[in-house]
2 protein chains.
Amino acid sequence: MPTPDRTSLPAIVEAGCDLLELGGPSRVTMQAVAERVGVRAPSLYKRVRDRDALLQLVADATVDALRARVAASDGSLPGLARAYRAFAHARPEGFRLMYAIGTSTEALERASVPVLRAARELVGADRALDEARLVTAWVTGFVSMELAGAFRLGGDVDAAFDYGLARLSAGIAPHDVDGQPPASSRPGHTLPAHGS
Amino acid sequence: MPTPDRTSLPAIVEAGCDLLELGGPSRVTMQAVAERVGVRAPSLYKRVRDRDALLQLVADATVDALRARVAASDGSLPGLARAYRAFAHARPEGFRLMYAIGTSTEALERASVPVLRAARELVGADRALDEARLVTAWVTGFVSMELAGAFRLGGDVDAAFDYGLARLSAGIAPHDVDGQPPASSRPGHTLPAHGS
DNA sequence: ACCTGAACACCGTTCAAGT
DNA sequence: ACCTGAACACCGTTCAAGT
């Protein structure tokens, strides 16, 4: 005889996200998550394979929240980059987790669409993928280092961010980079409809 | 009556590094480390406060190994960046750990000296710090994304790396970036002898 | 002074028994 | 069908007792 469910997968993932920001990965224990959703630890295994799978779901949910935040920006390169950085500041543990364990392909694809569009605007379709990777790599590294405390001594970190943004926002026409054609315009290469 | 030591702190840290690369942080347990250096787990607490402190030492040792590898490059910006990336490929778990838990200030300072020098060469002393941060952020983010599997679909990742390198190697003269003076040349700011 | 076995608390996970 | 207490294996950490 079925009894009404006392919890749900979304509730479990949300509890995982909350605990993660509260005290890092070590705080998201099966027991703590279970208590937060009003159930005992063994019950979680009805909805989630194990703790690693739960962390994976938390990482995927974080990527999707990042996608939503970035998509809500004005779509310009500085707007995208600032939204990305603001998200990382708001949810540092989630951000770290994304790159600590990776995320699903689909989530990443969707998240990088706006960056690809901005990159195409800036340098053209041929170089859009390479350019998108340049920009996302820079923002990712910048906030990773920020969060890790790698910008500890001196200098104005916000100003350093603006500097990088200005450097990368300066678009380039073909063969401004060097004597060779850009990677993405090599024979046989077309821009796939996917992520950075 | 003192008895000869059966292990040492360096041996413990090395065992931690080895186990880390072998199976990620979850594999560096006190028991596994102890077994590797030939003692029982409780003995480790004579040299290390707890497991977190051990992981911190492993992270610091990794930064120093990175510093040595980068310092052995030709000192050019592409040479530095390629050495950095090669290190991350060789010791992915150690690289991840560096940014997962941060590292000591001194280790970071020493590691970033060559990058600062190359940056000064490229854009001048005023902008050296900002430029060094731009470059290190980019490489860091690039390999982080690589290791996290964020470059999953299509495109040539090596070519994307060369593209970013070419973009960033193109130095800029003053006021090429935008209408404002660079962040590092604002009043009261001088280039500190420290890290990126 | 360093090392160890024994012990304790805590966590992930399984499973038979409940409803 | 979902939930639970009990149980097991494993890990971090402490400590009294050895040498």
# chains A, B, ... in the order shown; residues from 1 in each chain; ligands from 1
>>> residues_around(residues="range 9-18 of chain D", least_positions_apart="3", cutoff="8 Å", atoms="only C-alpha atoms (C1' of nucleotides)", output="tab-separated table (two decimals) with C-alpha atoms (C1' of nucleotides), in the first residue's frame")
chain	number	residue	atom	x	y	z
B	29	THR	CA	43.68	8.70	4.11
B	30	MET	CA	45.79	8.75	7.23
B	42	PRO	CA	48.45	7.45	14.97
B	51	ARG	CA	44.43	15.43	7.83
C	4	DT	C1'	51.52	1.32	18.95
>>> closest_atom_pairs(of="chain B", to="chain A", cutoff="6 Å", atoms="only C-alpha atoms", output="tab-separated table")
residue	atom	partner	partner_atom	distance
B:Tyr99	CA	A:Ala148	CA	5.5
B:Gly102	CA	A:Ala148	CA	4.5
B:Asp130	CA	A:Ala160	CA	5.1
B:Leu134	CA	A:Gly164	CA	5.5
B:Ala137	CA	A:Gly141	CA	4.2
B:Trp138	CA	A:Trp138	CA	3.9
B:Thr140	CA	A:Gly141	CA	4.9
B:Gly141	CA	A:Gly141	CA	3.6
B:Phe142	CA	A:Ala137	CA	4.6
B:Ala148	CA	A:Gly102	CA	4.4
B:Ala159	CA	A:Ala183	CA	5.4
B:Ala160	CA	A:Asp130	CA	5.1
B:Gly164	CA	A:Leu134	CA	5.5
B:Ala166	CA	A:Val177	CA	5.8
B:Arg167	CA	A:Val177	CA	5.7
B:Val177	CA	A:Arg167	CA	5.7
B:Ala183	CA	A:Ala159	CA	5.3
>>> interface_residues(of="chain C", to="chain B", cutoff="8 Å", atoms="only C-alpha atoms (C1' of nucleotides)", output="MDAnalysis selection string")
chainID C and resid 1:4
>>> atom_distance(atom1="CA of Arg82 in chain A", atom2="CA of Ser112 in chain A")
14.7 Å
>>> atom_distance(atom1="C1' of DA6 in chain D", atom2="CA of Gly38 in chain A")
19.9 Å
>>> decode(residues="range 102-140 of chain A", atoms="C-alpha atoms", output="mmCIF file, in the first residue's frame")
data_model
loop_
_atom_site.group_PDB
_atom_site.id
_atom_site.type_symbol
_atom_site.label_atom_id
_atom_site.label_comp_id
_atom_site.auth_asym_id
_atom_site.auth_seq_id
_atom_site.Cartn_x
_atom_site.Cartn_y
_atom_site.Cartn_z
ATOM 1 C CA GLY A 102 33.034 18.416 -13.718
ATOM 2 C CA THR A 103 29.456 18.634 -14.923
ATOM 3 C CA SER A 104 27.159 17.063 -17.443
ATOM 4 C CA THR A 105 27.690 17.911 -21.077
ATOM 5 C CA GLU A 106 24.174 19.197 -21.647
ATOM 6 C CA ALA A 107 24.341 21.658 -18.771
ATOM 7 C CA LEU A 108 27.600 23.064 -20.083
ATOM 8 C CA GLU A 109 26.319 23.386 -23.622
ATOM 9 C CA ARG A 110 23.364 25.426 -22.558
ATOM 10 C CA ALA A 111 25.415 27.602 -20.261
ATOM 11 C CA SER A 112 27.861 28.652 -22.943
ATOM 12 C CA VAL A 113 25.431 29.741 -25.653
ATOM 13 C CA PRO A 114 25.430 33.434 -24.660
ATOM 14 C CA VAL A 115 29.227 33.551 -24.516
ATOM 15 C CA LEU A 116 29.480 32.063 -27.992
ATOM 16 C CA ARG A 117 27.054 34.670 -29.299
ATOM 17 C CA ALA A 118 29.042 37.521 -27.789
ATOM 18 C CA ALA A 119 32.266 36.045 -29.125
ATOM 19 C CA ARG A 120 30.821 35.815 -32.633
ATOM 20 C CA GLU A 121 29.825 39.452 -32.411
ATOM 21 C CA LEU A 122 33.366 40.372 -31.426
ATOM 22 C CA VAL A 123 35.601 38.347 -33.754
ATOM 23 C CA GLY A 124 33.329 36.685 -36.272
ATOM 24 C CA ALA A 125 31.976 33.182 -36.642
ATOM 25 C CA ASP A 126 35.296 31.614 -37.637
ATOM 26 C CA ARG A 127 36.987 32.459 -34.398
ATOM 27 C CA ALA A 128 33.946 32.448 -32.145
ATOM 28 C CA LEU A 129 34.684 29.104 -30.486
ATOM 29 C CA ASP A 130 38.337 29.861 -29.777
ATOM 30 C CA GLU A 131 37.440 33.327 -28.563
ATOM 31 C CA ALA A 132 34.685 32.014 -26.298
ATOM 32 C CA ARG A 133 37.161 29.591 -24.798
ATOM 33 C CA LEU A 134 39.662 32.375 -24.254
ATOM 34 C CA VAL A 135 37.122 34.513 -22.429
ATOM 35 C CA THR A 136 35.544 31.783 -20.321
ATOM 36 C CA ALA A 137 38.970 30.416 -19.408
ATOM 37 C CA TRP A 138 40.054 33.839 -18.236
ATOM 38 C CA VAL A 139 36.975 34.538 -16.090
ATOM 39 C CA THR A 140 37.046 31.038 -14.685
#
